[in-house]
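As stored in query-v7.txt (compact mmCIF, C-alpha atoms):
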# COMPACT_ATOMS: atom_id res chain seq x y z
CA MET A 1 0.00 0.00 0.00
CA PRO A 2 1.14 3.60 -0.59
CA SER A 3 2.71 5.37 2.38
CA ILE A 4 0.77 7.55 4.83
CA ALA A 5 2.36 10.66 3.32
CA VAL A 6 1.19 9.68 -0.18
CA LYS A 7 -2.34 9.00 1.07
CA LEU A 8 -2.54 12.38 2.83
CA TYR A 9 -1.14 14.21 -0.17
CA SER A 10 -3.63 12.38 -2.39
CA VAL A 11 -6.54 13.74 -0.33
CA PHE A 12 -5.18 17.28 -0.63
CA PHE A 13 -4.42 16.81 -4.34
CA LYS A 14 -7.94 15.56 -5.15
CA PHE A 15 -9.55 18.42 -3.23
CA LEU A 16 -7.46 20.96 -5.14
CA LEU A 17 -8.00 19.24 -8.49
CA LYS A 18 -11.76 19.03 -8.02
CA HIS A 19 -11.89 22.73 -7.15
CA ARG A 20 -9.89 23.63 -10.29
CA LEU A 21 -11.97 21.42 -12.57
CA GLN A 22 -15.21 22.93 -11.26
CA ASN A 23 -13.79 26.41 -11.81
CA ARG A 24 -12.89 25.48 -15.38
CA ILE A 25 -16.48 24.35 -15.98
CA GLN A 26 -17.94 27.56 -14.50
CA THR A 27 -15.57 29.81 -16.44
CA HIS A 28 -15.70 27.75 -19.63
CA VAL A 29 -14.48 29.62 -22.68
CA ASP A 30 -15.70 28.55 -26.09
CA GLU A 31 -12.93 27.27 -28.38
CA SER A 32 -13.75 29.73 -31.15
CA SER A 33 -13.21 32.70 -28.82
CA ASN A 34 -9.61 31.76 -28.06
CA PRO A 35 -8.00 29.81 -30.91
CA TYR A 36 -4.54 30.87 -29.71
CA GLY A 37 -5.00 28.92 -26.49
CA VAL A 38 -2.94 28.49 -23.35
CA THR A 39 -0.23 25.93 -22.55
CA THR A 40 0.18 26.54 -18.82
CA ARG A 41 -1.82 27.72 -15.82
CA PRO A 42 -1.01 30.55 -13.36
CA GLU A 43 -0.94 28.10 -10.45
CA GLU A 44 1.76 25.98 -12.13
CA SER A 45 5.32 26.21 -10.77
CA VAL A 46 7.48 26.63 -13.86
CA SER A 47 11.20 26.23 -14.42
CA ALA A 48 12.97 28.78 -16.60
CA ALA A 49 14.93 27.51 -19.58
CA ASN A 50 18.70 27.48 -19.06
CA PRO A 51 20.86 27.20 -22.22
CA SER A 52 23.99 26.45 -20.19
CA PHE A 53 24.74 22.88 -19.16
CA THR A 54 23.28 22.79 -15.68
CA ASP A 55 23.47 19.31 -14.22
CA GLY A 56 24.55 18.02 -17.61
CA ILE A 57 21.52 19.33 -19.54
CA ALA A 58 20.95 22.57 -21.49
CA THR A 59 17.41 23.74 -22.24
CA LYS A 60 15.74 26.26 -24.51
CA ASP A 61 12.12 27.19 -25.33
CA ILE A 62 10.84 27.66 -28.88
CA HIS A 63 7.45 28.98 -29.97
CA ILE A 64 6.95 27.03 -33.20
CA ASP A 65 3.48 28.12 -34.34
CA PRO A 66 2.69 31.85 -34.65
CA SER A 67 -1.06 31.19 -34.87
CA THR A 68 -1.30 29.25 -31.58
CA ALA A 69 0.45 28.99 -28.22
CA LEU A 70 2.14 25.72 -29.23
CA SER A 71 5.74 25.61 -28.00
CA VAL A 72 8.49 23.13 -27.26
CA ARG A 73 11.29 22.90 -24.72
CA ILE A 74 14.48 21.19 -25.93
CA PHE A 75 16.63 19.24 -23.45
CA LEU A 76 20.15 18.76 -24.84
CA PRO A 77 22.49 16.42 -22.90
CA GLU A 78 26.10 17.49 -22.46
CA SER A 79 27.12 14.12 -23.90
CA SER A 80 26.24 15.57 -27.32
CA LEU A 81 29.54 17.49 -27.17
CA SER A 82 31.48 14.23 -27.37
CA PRO A 83 33.00 13.32 -30.74
CA PRO A 84 31.02 10.77 -32.76
CA GLU A 85 31.80 7.15 -32.04
CA PRO A 86 30.98 4.95 -35.07
CA LYS A 87 31.74 1.78 -33.17
CA SER A 88 31.64 1.67 -29.38
CA LYS A 89 33.08 -1.19 -27.47
CA PRO A 90 30.66 -3.14 -25.25
CA GLY A 91 30.90 -2.18 -21.63
CA SER A 92 32.32 1.30 -22.21
CA SER A 93 32.45 3.14 -18.92
CA GLN A 94 31.28 6.56 -17.82
CA GLN A 95 34.97 7.50 -17.52
CA ASP A 96 35.36 6.89 -21.24
CA GLU A 97 32.48 9.27 -21.92
CA SER A 98 34.01 11.88 -19.61
CA ASP A 99 37.38 11.57 -21.37
CA SER A 100 35.60 11.90 -24.70
CA LEU A 101 33.86 15.08 -23.54
CA ASN A 102 37.15 16.56 -22.33
CA HIS A 103 38.67 15.75 -25.72
CA ARG A 104 35.80 17.59 -27.39
CA ARG A 105 36.33 20.67 -25.24
CA ASN A 106 40.09 20.63 -25.92
CA SER A 107 39.44 20.28 -29.65
CA TYR A 108 37.11 23.31 -29.61
CA PRO A 109 38.55 25.77 -27.07
CA ASN A 110 35.81 28.33 -27.79
CA ILE A 111 33.36 26.25 -25.72
CA GLY A 112 32.81 28.09 -22.47
CA ALA A 113 34.70 31.19 -23.64
CA PRO A 114 33.41 34.39 -25.32
CA THR A 115 33.71 34.65 -29.09
CA ASN A 116 35.09 37.96 -30.34
CA ASP A 117 33.71 37.79 -33.88
CA SER A 118 30.34 36.07 -33.93
CA ARG A 119 29.99 36.46 -37.71
CA ARG A 120 33.28 34.74 -38.36
CA SER A 121 32.43 32.08 -35.80
CA SER A 122 29.13 31.27 -37.47
CA LEU A 123 30.21 31.51 -41.10
CA GLU A 124 33.82 30.36 -41.23
CA GLY A 125 33.43 26.98 -39.58
CA SER A 126 33.67 27.33 -35.80
CA ASN A 127 31.96 24.13 -34.82
CA LEU A 128 30.40 25.17 -31.53
CA ARG A 129 29.90 28.63 -30.10
CA SER A 130 29.39 29.77 -26.52
CA ASP A 131 29.11 33.13 -24.78
CA ASN A 132 29.65 33.03 -21.03
CA ASN A 133 29.10 29.26 -21.05
CA VAL A 134 25.78 29.63 -22.90
CA TYR A 135 25.78 26.93 -25.54
CA ARG A 136 24.40 28.08 -28.88
CA GLY A 137 24.59 24.72 -30.57
CA TYR A 138 25.44 26.09 -34.01
CA SER A 139 27.47 23.64 -36.08
CA PRO A 140 28.34 24.10 -39.75
CA LEU A 141 30.44 20.91 -39.55
CA PRO A 142 27.85 18.30 -38.53
CA GLN A 143 30.15 15.40 -39.35
CA ASN A 144 32.15 16.31 -36.23
CA CYS A 145 29.10 16.35 -33.96
CA ARG A 146 27.61 13.45 -32.10
CA ARG A 147 24.07 12.68 -33.23
CA LEU A 148 21.57 11.70 -30.55
CA PRO A 149 18.10 10.17 -30.91
CA ILE A 150 15.17 12.54 -30.44
CA MET A 151 12.36 11.86 -27.99
CA LEU A 152 9.07 13.75 -28.22
CA GLN A 153 7.59 14.01 -24.73
CA PHE A 154 3.96 14.82 -23.88
CA HIS A 155 3.19 15.83 -20.30
CA GLY A 156 0.14 14.80 -18.28
CA GLY A 157 -2.39 16.87 -16.38
CA GLY A 158 -5.81 15.60 -17.40
CA TRP A 159 -6.04 17.82 -20.51
CA VAL A 160 -6.69 20.96 -18.43
CA SER A 161 -3.42 21.47 -16.54
CA GLY A 162 0.27 20.65 -16.63
CA SER A 163 2.92 22.16 -18.90
CA ASN A 164 6.15 21.26 -20.64
CA ASP A 165 8.06 23.82 -18.55
CA SER A 166 6.71 22.91 -15.10
CA VAL A 167 9.26 22.13 -12.40
CA ALA A 168 8.16 18.49 -12.19
CA ASN A 169 8.28 17.98 -15.96
CA ASP A 170 11.66 19.68 -16.17
CA ILE A 171 13.11 17.29 -13.56
CA PHE A 172 11.56 14.26 -15.27
CA CYS A 173 12.85 15.22 -18.72
CA ARG A 174 16.35 15.89 -17.43
CA ARG A 175 16.39 12.46 -15.82
CA ILE A 176 15.19 10.66 -18.96
CA ALA A 177 17.51 12.65 -21.25
CA LYS A 178 20.55 11.59 -19.25
CA LEU A 179 19.51 7.97 -18.74
CA CYS A 180 18.48 7.39 -22.37
CA ASP A 181 21.15 9.73 -23.81
CA VAL A 182 18.60 11.45 -26.05
CA ILE A 183 17.54 14.96 -27.00
CA ILE A 184 14.08 15.51 -25.54
CA VAL A 185 11.59 17.82 -27.23
CA ALA A 186 8.90 18.43 -24.61
CA VAL A 187 5.67 19.57 -26.23
CA GLY A 188 3.64 22.43 -24.76
CA TYR A 189 0.27 21.60 -26.32
CA ARG A 190 -2.86 23.71 -25.87
CA LEU A 191 -5.04 22.95 -22.85
CA ALA A 192 -8.78 22.47 -22.45
CA PRO A 193 -11.38 23.87 -22.11
CA GLU A 194 -10.01 26.86 -24.07
CA ASN A 195 -9.11 24.42 -26.84
CA LYS A 196 -11.04 21.18 -26.90
CA TYR A 197 -10.34 18.03 -28.88
CA PRO A 198 -8.61 17.71 -31.31
CA ALA A 199 -6.36 20.71 -30.49
CA ALA A 200 -3.90 18.86 -28.21
CA PHE A 201 -3.69 15.93 -30.65
CA GLU A 202 -3.12 18.21 -33.62
CA ASP A 203 -0.42 20.06 -31.69
CA GLY A 204 1.40 16.80 -31.05
CA LEU A 205 1.31 15.87 -34.72
CA LYS A 206 2.33 19.38 -35.73
CA VAL A 207 5.51 19.06 -33.65
CA LEU A 208 6.37 15.78 -35.40
CA TYR A 209 6.03 17.48 -38.80
CA TRP A 210 8.02 20.45 -37.49
CA LEU A 211 10.77 18.00 -36.57
CA ALA A 212 10.74 16.60 -40.11
CA LYS A 213 10.87 20.13 -41.52
CA GLN A 214 13.83 20.98 -39.29
CA ALA A 215 15.70 17.89 -40.47
CA ASN A 216 15.11 18.76 -44.12
CA LEU A 217 16.07 22.41 -43.64
CA ALA A 218 19.27 21.35 -41.89
CA GLU A 219 20.10 18.98 -44.74
CA CYS A 220 19.45 21.73 -47.32
CA SER A 221 21.63 24.14 -45.37
CA LYS A 222 24.37 21.52 -45.21
CA SER A 223 24.21 20.77 -48.94
CA MET A 224 24.39 24.47 -49.84
CA GLY A 225 27.49 24.83 -47.71
CA SER A 226 28.40 27.49 -45.19
CA GLY A 227 31.40 29.20 -46.78
CA ALA A 228 31.82 32.85 -45.93
CA LEU A 229 31.69 35.54 -48.57
CA GLY A 230 34.64 37.86 -48.26
CA VAL A 231 34.02 41.52 -47.50
CA GLY A 232 34.42 43.68 -50.60
CA ALA A 233 34.41 40.73 -52.99
CA GLU A 234 32.55 40.85 -56.29
CA PHE A 235 29.59 38.49 -56.24
CA THR A 236 27.99 36.74 -59.14
CA LYS A 237 24.20 36.58 -59.35
CA THR A 238 24.30 32.92 -58.32
CA GLN A 239 26.47 33.68 -55.28
CA VAL A 240 24.15 36.48 -54.16
CA GLN A 241 21.09 34.23 -54.50
CA ARG A 242 22.84 31.45 -52.61
CA HIS A 243 23.89 33.86 -49.86
CA LEU A 244 20.29 35.04 -49.48
CA VAL A 245 19.03 31.47 -49.30
CA ASP A 246 21.69 30.66 -46.70
CA ALA A 247 20.64 33.65 -44.60
CA PHE A 248 16.97 32.73 -44.91
CA GLY A 249 17.62 29.08 -44.07
CA ALA A 250 19.86 29.90 -41.12
CA SER A 251 17.08 31.92 -39.54
CA MET A 252 14.74 28.94 -39.71
CA VAL A 253 16.99 26.03 -38.78
CA GLU A 254 17.00 25.11 -35.09
CA PRO A 255 20.76 24.82 -34.43
CA TRP A 256 20.68 22.30 -31.57
CA LEU A 257 18.62 19.82 -33.55
CA ALA A 258 20.53 20.49 -36.76
CA ALA A 259 23.88 19.85 -35.08
CA HIS A 260 23.02 16.97 -32.77
CA GLY A 261 19.62 15.46 -33.60
CA ASP A 262 19.11 12.14 -35.37
CA PRO A 263 15.45 12.16 -36.50
CA SER A 264 15.74 8.64 -37.90
CA ARG A 265 15.72 7.45 -34.28
CA CYS A 266 12.62 9.15 -32.89
CA VAL A 267 10.82 7.93 -29.76
CA LEU A 268 7.46 9.12 -28.43
CA LEU A 269 6.86 9.26 -24.68
CA GLY A 270 3.58 10.30 -23.10
CA MET A 271 2.47 10.47 -19.49
CA SER A 272 -1.19 10.11 -18.46
CA CYS A 273 -3.24 12.04 -21.07
CA GLY A 274 0.05 12.71 -22.85
CA ALA A 275 0.21 8.97 -23.56
CA ASN A 276 -3.07 9.29 -25.50
CA ILE A 277 -1.44 12.03 -27.59
CA ALA A 278 1.69 9.94 -28.13
CA ASP A 279 -0.37 6.98 -29.35
CA TYR A 280 -2.34 9.25 -31.71
CA VAL A 281 0.89 10.71 -33.12
CA ALA A 282 2.31 7.20 -33.58
CA ARG A 283 -0.77 6.17 -35.57
CA LYS A 284 -0.53 9.25 -37.76
CA ALA A 285 3.18 8.60 -38.30
CA VAL A 286 2.35 5.09 -39.50
CA LYS A 287 -0.21 6.48 -41.96
CA ALA A 288 2.16 9.22 -43.16
CA GLY A 289 4.96 6.76 -43.93
CA ARG A 290 7.70 8.29 -46.08
CA LEU A 291 6.01 11.71 -46.03
CA LEU A 292 7.75 12.20 -42.68
CA ASP A 293 11.23 11.36 -44.00
CA PRO A 294 13.79 11.52 -42.50
CA VAL A 295 11.81 11.21 -39.25
CA LYS A 296 11.15 7.63 -38.23
CA VAL A 297 9.24 6.72 -35.08
CA VAL A 298 11.06 3.62 -33.83
CA ALA A 299 9.26 3.16 -30.48
CA GLN A 300 6.80 4.71 -28.05
CA VAL A 301 6.43 4.68 -24.26
CA LEU A 302 2.95 5.00 -22.76
CA MET A 303 3.14 5.82 -19.06
CA TYR A 304 -0.12 5.16 -17.21
CA PRO A 305 -2.31 6.10 -20.23
CA PHE A 306 -5.51 8.07 -19.72
CA PHE A 307 -7.58 5.37 -21.44
CA THR A 308 -11.21 4.66 -20.58
CA GLY A 309 -14.37 3.23 -22.19
CA ASN A 310 -18.12 2.77 -21.84
CA VAL A 311 -17.87 -0.84 -20.67
CA PRO A 312 -15.94 -0.72 -17.37
CA THR A 313 -13.00 -3.02 -16.71
CA ARG A 314 -12.33 -4.73 -13.39
CA SER A 315 -9.92 -2.01 -12.25
CA GLU A 316 -12.34 0.73 -13.27
CA ILE A 317 -14.88 -0.82 -10.91
CA ASN A 318 -12.64 -1.83 -8.00
CA LEU A 319 -10.33 1.21 -8.06
CA ALA A 320 -12.81 3.93 -9.03
CA ASN A 321 -11.91 5.92 -5.90
CA SER A 322 -8.16 5.44 -6.29
CA TYR A 323 -5.42 7.87 -5.30
CA PHE A 324 -4.87 11.28 -6.92
CA TYR A 325 -6.91 10.87 -10.14
CA ASP A 326 -10.13 9.03 -9.26
CA LYS A 327 -12.72 8.11 -11.87
CA SER A 328 -15.21 10.90 -11.14
CA MET A 329 -12.61 13.64 -11.57
CA CYS A 330 -11.24 12.07 -14.74
CA LEU A 331 -14.75 12.08 -16.19
CA LEU A 332 -14.93 15.81 -15.46
CA ALA A 333 -11.65 16.25 -17.31
CA TRP A 334 -13.00 14.33 -20.33
CA LYS A 335 -16.12 16.52 -20.35
CA LEU A 336 -13.90 19.59 -20.47
CA PHE A 337 -11.76 18.13 -23.24
CA LEU A 338 -14.26 16.55 -25.64
CA PRO A 339 -16.79 18.70 -27.53
CA GLU A 340 -20.25 18.27 -26.06
CA GLU A 341 -21.68 16.76 -29.25
CA GLU A 342 -18.83 14.20 -29.37
CA PHE A 343 -18.71 13.21 -25.71
CA SER A 344 -18.41 9.46 -25.27
CA LEU A 345 -16.07 7.30 -23.24
CA ASP A 346 -15.66 5.22 -26.39
CA HIS A 347 -14.38 8.25 -28.29
CA PRO A 348 -11.23 7.35 -30.30
CA ALA A 349 -9.25 9.73 -28.10
CA ALA A 350 -10.33 7.81 -24.99
CA ASN A 351 -10.62 4.14 -25.95
CA PRO A 352 -7.65 2.69 -27.88
CA LEU A 353 -9.54 -0.45 -28.88
CA VAL A 354 -12.60 0.99 -30.62
CA PRO A 355 -12.99 -0.18 -34.25
CA ASP A 356 -11.74 1.92 -37.17
CA ARG A 357 -9.48 4.00 -34.97
CA GLY A 358 -6.58 4.09 -37.37
CA PRO A 359 -4.10 1.85 -39.17
CA PRO A 360 -4.00 -1.86 -38.26
CA LEU A 361 -2.27 -2.49 -34.94
CA LYS A 362 0.34 -4.70 -36.60
CA PHE A 363 1.92 -1.58 -38.14
CA MET A 364 2.31 0.20 -34.79
CA PRO A 365 5.84 0.80 -33.46
CA PRO A 366 7.16 -1.16 -30.46
CA THR A 367 5.24 0.07 -27.42
CA LEU A 368 6.26 -0.04 -23.76
CA THR A 369 3.34 0.43 -21.35
CA VAL A 370 3.89 1.49 -17.74
CA VAL A 371 1.04 0.89 -15.27
CA ALA A 372 0.54 1.35 -11.53
CA GLU A 373 -1.11 -1.14 -9.18
CA HIS A 374 -3.48 1.46 -7.69
CA ASP A 375 -4.51 3.15 -10.93
CA TRP A 376 -8.13 2.60 -12.03
CA MET A 377 -7.11 2.99 -15.72
CA ARG A 378 -4.52 0.21 -15.62
CA ASP A 379 -6.59 -2.67 -17.05
CA ARG A 380 -7.46 -0.90 -20.29
CA ALA A 381 -3.81 0.01 -20.84
CA ILE A 382 -2.87 -3.65 -20.29
CA ALA A 383 -5.62 -4.74 -22.71
CA TYR A 384 -4.23 -2.42 -25.38
CA SER A 385 -0.76 -3.86 -24.86
CA GLU A 386 -2.15 -7.39 -25.17
CA ALA A 387 -3.86 -6.45 -28.44
CA LEU A 388 -0.53 -5.20 -29.79
CA ARG A 389 1.27 -8.39 -28.76
CA LYS A 390 -1.36 -10.51 -30.53
CA VAL A 391 -0.27 -8.97 -33.83
CA ASN A 392 3.44 -9.47 -33.01
CA VAL A 393 4.26 -5.93 -31.91
CA ASP A 394 6.87 -5.77 -29.16
CA ALA A 395 4.65 -4.42 -26.38
CA PRO A 396 5.80 -5.29 -22.86
CA VAL A 397 4.02 -4.05 -19.73
CA LEU A 398 5.85 -2.79 -16.67
CA GLU A 399 3.60 -2.90 -13.60
CA TYR A 400 4.75 -1.24 -10.37
CA LYS A 401 3.43 -2.52 -7.06
CA ASP A 402 2.04 -0.06 -4.51
CA ALA A 403 2.26 2.66 -7.16
CA VAL A 404 -0.36 5.28 -8.07
CA HIS A 405 -1.23 7.18 -11.24
CA GLU A 406 1.65 9.48 -12.25
CA PHE A 407 3.93 7.90 -9.62
CA ALA A 408 7.01 8.62 -11.76
CA SER A 409 6.21 12.20 -12.77
CA LEU A 410 4.14 13.86 -10.00
CA ASP A 411 6.12 16.53 -8.14
CA MET A 412 5.88 14.89 -4.73
CA LEU A 413 6.80 11.42 -6.01
CA LEU A 414 9.66 12.27 -8.39
CA ASN A 415 12.39 11.39 -5.89
CA THR A 416 10.94 8.08 -4.73
CA PRO A 417 12.81 4.82 -5.48
CA GLN A 418 9.90 3.73 -7.69
CA ALA A 419 10.16 6.84 -9.86
CA GLN A 420 13.90 6.39 -10.28
CA ALA A 421 13.53 2.68 -11.03
CA CYS A 422 10.84 3.39 -13.60
CA ALA A 423 13.06 5.87 -15.45
CA GLU A 424 15.90 3.36 -15.48
CA ASP A 425 13.61 0.59 -16.75
CA ILE A 426 12.36 2.84 -19.55
CA ALA A 427 15.95 3.66 -20.54
CA ILE A 428 16.87 -0.05 -20.74
CA TRP A 429 13.98 -0.79 -23.07
CA VAL A 430 14.29 2.34 -25.22
CA LYS A 431 17.99 1.73 -25.89
CA LYS A 432 17.03 -1.49 -27.62
CA TYR A 433 15.59 0.60 -30.46
CA ILE A 434 17.80 3.69 -30.49
CA SER A 435 21.26 2.31 -29.82
CA LEU A 436 23.89 2.16 -32.53
CA ARG A 437 26.14 0.01 -30.38
CA GLY A 438 24.12 -3.18 -30.58
CA HIS A 439 25.05 -4.58 -27.17
CA GLU A 440 22.36 -3.15 -24.88
CA PHE A 441 20.06 -5.71 -23.33
CA SER A 442 16.32 -5.30 -22.95
CA TYR A 443 13.24 -7.13 -21.77
Can the structure from this file be put into structure tokens for me?
Amino acid sequence: MPSIAVKLYSVFFKFLLKHRLQNRIQTHVDESSNPYGVTTRPEESVSAANPSFTDGIATKDIHIDPSTALSVRIFLPESSLSPPEPKSKPGSSQQDESDSLNHRRNSYPNIGAPTNDSRRSSLEGSNLRSDNNVYRGYSPLPQNCRRLPIMLQFHGGGWVSGSNDSVANDIFCRRIAKLCDVIIVAVGYRLAPENKYPAAFEDGLKVLYWLAKQANLAECSKSMGSGALGVGAEFTKTQVQRHLVDAFGASMVEPWLAAHGDPSRCVLLGMSCGANIADYVARKAVKAGRLLDPVKVVAQVLMYPFFTGNVPTRSEINLANSYFYDKSMCLLAWKLFLPEEEFSLDHPAANPLVPDRGPPLKFMPPTLTVVAEHDWMRDRAIAYSEALRKVNVDAPVLEYKDAVHEFASLDMLLNTPQAQACAEDIAIWVKKYISLRGHEFSY
């Protein structure tokens, strides 16, 4: 059973959540009156982005859609500064990685030191640039940069709360980025009721296409070259046009992803309602196929998905009054999220096993499902995993005893042994699909 502290906090949490949900219902804003939307709430404790490598991770925020509030936070591990390793020996130690990072810093002494001529640094081939230890991530020589897999992360919060820059989500993403050795792109999707379904789902898919666009822009920029044009030189018409294209492209390319991202190894990770978004994005990626090139979704992780349905499962009956997110409050959240004319617990956004939901399950990527013993939504998540396994999709289930919904990502529970173990278990499984070394073990 959960500890006394968890039980007491659950009572307080449910009281606060119920009050907020009721306030959302009373102050409901029609979607058409606020298409821009919101991605965070005033009561959320947020963590500011820090582009320097604090605790081994640098972060930055990007507003990627001028017509909506959609934004992303990028988590870049310091390990990306290591030189590329085409073939790593099995059992390589952390000391080897540290030595590799020191070699990288010695090879590029401008890291951590001011650059006197930023134009020369950016155009004449300085591989990495930093001002006062603020990493810019610009790299015109990508062959000398280590490429890391990219993980799209979708936070939880019952559709109406949570954010990609909250303190709890920041801690979680830093932990996963270091354990999995990936670049995390945490999605700040629009919240309900200001923006009902399908806004959050469309935002998730829009970020995946944005990632594909970034990869293609970076490749175009690379193919055009980054040679500097000398001051006072006479330019041909072709050179002038190329220079303009370079300038235009440089303003659009996200430098961290261009220098260090490997979109061919893309993983989706969603927590609670974010898992519903991740599964939707995975289905759309399957349907899109080569239209997303070079992005390839190689796996997804669904952490305690926010699945439900009209016909209750055993856990939905026996654990209806479970800790933190009980069934009655989750139904309120679904009413705020789904348009009134579409409300149904068998809505495709809610029930993963309804007919005609998308492409056949056999085409879905490998899917790891994390469930908690005291979560009323657990049985439906397990049923979805079983359906995937029946069509030969690698879809293991990790069940944690004495755990509650969001046990690995809720602010109070982030430092528990269960939360740490869960992150480590996820990293073991994910590396099976993103590793270039070929010696990692998995379940």
(Q) At a cut-off of 9 Å, using all atoms listed in the file, what residues contact region 179-181 of chain A? Leave out same-chain residues fewer than 4 positions from it and give the result as a PyMOL selection string. (A) chain A and resi 77+79-80+148-149+174-175+423-424+426-428+430-431+434
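Coordinates place CA of Leu191 (chain A) at a distance of 5.9 Å from CA of Val38 (chain A).
In this model, the gap between CA of Trp256 (chain A) and CA of Lys296 (chain A) comes to 18.7 Å.
Distances here use all atoms listed in the file; by that measure, the residue among A:Val404, A:Leu413, A:Val370, A:Leu332 closest to Lys18 (chain A) is A:Leu332.
Residue nearest Ile57 (chain A), chosen from A:Pro35, A:Ile176, A:Ala419, A:Leu388 and counting only C-alpha atoms: A:Ile176.
Taking only C-alpha atoms, the non-local environment of Tyr209 (chain A) within 10 Å (same-chain residues fewer than 5 positions away omitted) comprises Asp203, Gly204, Gln214, Ala215, Ala285, Leu291, Leu292, Asp293 and Val295 of chain A.
Taking CA of Phe15 (chain A) and CA of Glu341 (chain A) as endpoints, the distance between them is 28.8 Å.
Residues near the point (6.4, 17.9, -10.6), at a distance of 8 Å or less over only C-alpha atoms, make up Ser166, Val167, Ala168, Asn169, Asp170, Ile171, Phe172, Ser409, Leu410, Asp411, Met412, Leu413 and Leu414 of chain A.
Using all atoms listed in the file, the smallest distance between any of A:Pro84, A:Gly309, A:Pro359, A:Pro365 and Ala381 (chain A) comes from A:Gly309.
The closest residue to Glu78 (chain A), picked from A:Lys196, A:His260, A:Arg41, A:Arg190 and counting all atoms listed in the file, is A:His260.
Closest approach to Pro339 (chain A) from the set A:Asp61, A:Asp279, A:Glu194, A:Glu254 is made by A:Glu194, with distances taken over all atoms listed in the file.
Nearest residue to His63 (chain A), choosing from A:Thr313, A:Ser435, A:Thr416, A:Thr39 and counting all atoms listed in the file: A:Thr39.
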Adding 6 Å on each side of the box along x, y and z that holds all listed atoms of region 412-415 of chain A, could you give its centre and edge lengths in Å to one decimal, as JSON?
{"center_x": 9.1, "center_y": 13.1, "center_z": -6.6, "size_x": 18.5, "size_y": 15.5, "size_z": 15.7}
Q: For Lys284 (chain A), please output as a list in words all residues within 10 Å (counting all atoms listed in the file; exclusion window: fewer than 5 positions along the same chain).
A: Leu205, Leu208, Ala278, Asp279, Gly289, Gly358, Pro359 and Met364 of chain A
Can you list, as a PDB file with C-alpha atoms, keeping the file's coordinate frame, every protein, DNA or RNA residue that comes within 7 Å of Asp346 (chain A) when you count all atoms listed in the file, leaving out same-chain residues fewer than 3 positions away?
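Final output, saved to out.pdb:
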ATOM      1  CA  GLY A 309     -14.370   3.230 -22.190  1.00  0.00           C
ATOM      2  CA  ASN A 310     -18.120   2.770 -21.840  1.00  0.00           C
ATOM      3  CA  ALA A 350     -10.330   7.810 -24.990  1.00  0.00           C
ATOM      4  CA  ASN A 351     -10.620   4.140 -25.950  1.00  0.00           C
ATOM      5  CA  VAL A 354     -12.600   0.990 -30.620  1.00  0.00           C
TER       6      VAL A 354
END
Q. Excluding same-chain residues fewer than 6 positions from Lys390 (chain A), what lies within 12 Å of it counting all atoms listed in the file, as a ChimeraX atom specification?
A. /A:360-362,383-384,396
